[in-house]
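Novice: What follows is a structure written as structure tokens; I'll ask about it next.
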Amino acid sequence: MPRKLQQFCPKCGKRVDDLVEGLCESCHNLGKKLVDAPERVSVVTCPSCNRMLVKNEWTRAPADPVLTTIKDSLRVNGQAKLELDFKGNRATLTADGSIEGYSEPRHESYEIAIKHAKRLCDDCVRARGGYYEAIVQIRSEDERNVKRVALLIEEVVEHPRGKYWFVAKMSRVRGGVDIRLGSKAMLSPLKRRLKEDFGALETKMSHELYGHVGGRVVYRDIMLVRV
Ligand SMILES: [Zn+2]
Ligand SMILES: [Zn+2]
């Protein structure tokens, strides 16, 4: 059987059978870190609706956006106790623990710069441009019912399930309220909530020509709700 060719570790000079990413195993492990932390993070929030940009998606901001952003940006390679100290726009992260598969304790510390940015989210940009795909027309003799439906719409808005999930405009009209919704997709959860809350009630769908978008004829959905 031919002998396997030995190699030299370029760092310590040790002869080994195999190199791990160009180094002997012990040199390679020395370079391993308990925590991979970025030098800076940016916390991007929408000044209009307070949502936060997380991995390219606008989502409802957590209670502590900065802490959440930093936590999301870390990779912990083992068991570690993490501590963060904030000073102005900087955070000091200290990590104590051990890397997976190695028993020697590690102590690491990192400085992370925090950048805050305000940017209108896609929905708010659209809403400001007057964009909407659906209208809910609430009609009732009883003002309290109009309010109840408006509250259900608020509930739907708080649980976004797609793009353009916003109320574009609310306007008083004779006999009730017209509410313009950013997305047509908001109508189906609304219908479900209406059924749950009011039982049998009259809704009627119709459509209005909106225009041409990319060569396609686009209609707006109009839902009439009598309560
Ligand atoms: Zn080595
Ligand atoms: Zn927004």
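Note on naming: chains are A, B, ... as they come in the structure tokens, residues start from 1 per chain, ligands start from 1 in the order shown.
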May I have a table of the residues of chain A lying at most 7 Å from ligand 1, giving each one's closest pair of atoms and their distance in Å to one decimal, counting only C-alpha atoms and all ligand atoms, ordered by chain and ascending residue number, as CSV?
Specialist:
residue,atom,partner,partner_atom_place_in_ligand_line,distance
A:Cys9,CA,ligand 1,1 (Zn),4.6
A:Pro10,CA,ligand 1,1 (Zn),6.6
A:Lys11,CA,ligand 1,1 (Zn),4.9
A:Cys12,CA,ligand 1,1 (Zn),4.1
A:Gly13,CA,ligand 1,1 (Zn),6.1
A:Lys14,CA,ligand 1,1 (Zn),5.7
A:Leu23,CA,ligand 1,1 (Zn),5.5
A:Cys24,CA,ligand 1,1 (Zn),4.2
A:Glu25,CA,ligand 1,1 (Zn),6.7
A:Ser26,CA,ligand 1,1 (Zn),5.9
A:Cys27,CA,ligand 1,1 (Zn),4.2
Novice: So which residues are near ligand 2, meaning at most 8 Å away with only C-alpha atoms and all ligand atoms counted, given back as a ChimeraX atom specification?
Specialist: /A:45-51,120-125
Novice: Can you write out the residues you just picked, keeping N, CA and C atoms, as an mmCIF file, in the first residue's frame?
Specialist:
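Contents of again.cif, as written:
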data_model
loop_
_atom_site.group_PDB
_atom_site.id
_atom_site.type_symbol
_atom_site.label_atom_id
_atom_site.label_comp_id
_atom_site.auth_asym_id
_atom_site.auth_seq_id
_atom_site.Cartn_x
_atom_site.Cartn_y
_atom_site.Cartn_z
ATOM 1 N N THR A 45 -36.219 51.224 9.858
ATOM 2 C CA THR A 45 -37.635 51.239 10.206
ATOM 3 C C THR A 45 -38.386 52.230 9.325
ATOM 4 N N CYS A 46 -39.677 51.955 9.155
ATOM 5 C CA CYS A 46 -40.525 52.842 8.370
ATOM 6 C C CYS A 46 -41.095 53.911 9.307
ATOM 7 N N PRO A 47 -40.854 55.183 9.017
ATOM 8 C CA PRO A 47 -41.321 56.243 9.908
ATOM 9 C C PRO A 47 -42.842 56.380 9.909
ATOM 10 N N SER A 48 -43.491 55.778 8.926
ATOM 11 C CA SER A 48 -44.925 55.941 8.824
ATOM 12 C C SER A 48 -45.695 54.853 9.583
ATOM 13 N N CYS A 49 -45.253 53.600 9.469
ATOM 14 C CA CYS A 49 -46.011 52.523 10.118
ATOM 15 C C CYS A 49 -45.176 51.790 11.162
ATOM 16 N N ASN A 50 -43.908 52.207 11.339
ATOM 17 C CA ASN A 50 -43.015 51.623 12.349
ATOM 18 C C ASN A 50 -42.593 50.196 12.087
ATOM 19 N N ARG A 51 -42.908 49.672 10.916
ATOM 20 C CA ARG A 51 -42.436 48.318 10.660
ATOM 21 C C ARG A 51 -40.932 48.333 10.420
ATOM 22 N N LEU A 120 -39.331 54.723 4.104
ATOM 23 C CA LEU A 120 -40.735 54.352 3.906
ATOM 24 C C LEU A 120 -40.797 52.932 3.347
ATOM 25 N N CYS A 121 -41.637 52.099 3.951
ATOM 26 C CA CYS A 121 -41.760 50.732 3.456
ATOM 27 C C CYS A 121 -42.552 50.754 2.143
ATOM 28 N N ASP A 122 -42.511 49.626 1.435
ATOM 29 C CA ASP A 122 -43.193 49.540 0.130
ATOM 30 C C ASP A 122 -44.669 49.886 0.250
ATOM 31 N N ASP A 123 -45.295 49.387 1.317
ATOM 32 C CA ASP A 123 -46.721 49.642 1.505
ATOM 33 C C ASP A 123 -47.008 51.128 1.682
ATOM 34 N N CYS A 124 -46.185 51.786 2.495
ATOM 35 C CA CYS A 124 -46.428 53.212 2.749
ATOM 36 C C CYS A 124 -46.152 54.053 1.507
ATOM 37 N N VAL A 125 -45.151 53.628 0.723
ATOM 38 C CA VAL A 125 -44.888 54.337 -0.533
ATOM 39 C C VAL A 125 -46.128 54.250 -1.421
#
Novice: Would you please work out which residue, of A:Gly88, A:Gly182, A:Arg40, A:Glu158, is nearest to Ala61 (chain A) when using only C-alpha atoms?
Specialist: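 Ranked by minimum distance to Ala61 (chain A), first place goes to A:Glu158.
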Novice: Nearest to Leu201 (chain A) among A:Arg226, A:Val156, A:Asp85, A:Ala37, with distances taken over only C-alpha atoms: which residue is it?
Specialist: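 Checking each candidate against Leu201 (chain A), we get A:Arg226 as the closest.
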Novice: Mind checking which residues fall within 10 Å of Leu194 (chain A), counting only C-alpha atoms, ignoring those fewer than 2 positions away in the same chain, and posting them as an mmCIF file with C-alpha atoms, in the first residue's frame?
Specialist:
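So the final result, stored in result.cif, reads:
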data_model
loop_
_atom_site.group_PDB
_atom_site.id
_atom_site.type_symbol
_atom_site.label_atom_id
_atom_site.label_comp_id
_atom_site.auth_asym_id
_atom_site.auth_seq_id
_atom_site.Cartn_x
_atom_site.Cartn_y
_atom_site.Cartn_z
ATOM 1 C CA ARG A 148 -67.392 47.218 14.631
ATOM 2 C CA VAL A 149 -66.586 46.490 11.002
ATOM 3 C CA LEU A 152 -62.338 44.094 12.203
ATOM 4 C CA ILE A 153 -60.497 45.724 9.310
ATOM 5 C CA SER A 188 -60.999 37.086 2.409
ATOM 6 C CA PRO A 189 -59.771 37.253 6.019
ATOM 7 C CA LEU A 190 -62.157 40.158 6.472
ATOM 8 C CA LYS A 191 -65.080 38.110 5.190
ATOM 9 C CA ARG A 192 -64.187 35.359 7.614
ATOM 10 C CA GLU A 196 -67.531 35.086 12.945
ATOM 11 C CA ASP A 197 -68.656 38.370 14.424
ATOM 12 C CA PHE A 198 -71.986 39.046 12.787
ATOM 13 C CA GLY A 199 -73.140 35.605 11.693
ATOM 14 C CA ALA A 200 -75.347 35.983 8.657
ATOM 15 C CA LEU A 201 -74.904 39.298 6.942
ATOM 16 C CA THR A 203 -72.094 41.188 1.453
ATOM 17 C CA VAL A 225 -71.298 45.134 3.640
ATOM 18 C CA VAL A 227 -74.869 45.402 8.827
#
Novice: For His207 (chain A), please output as a PyMOL selection string all residues within 6 Å (counting only C-alpha atoms; exclusion window: fewer than 5 positions along the same chain).
Specialist: chain A and resi 219-222
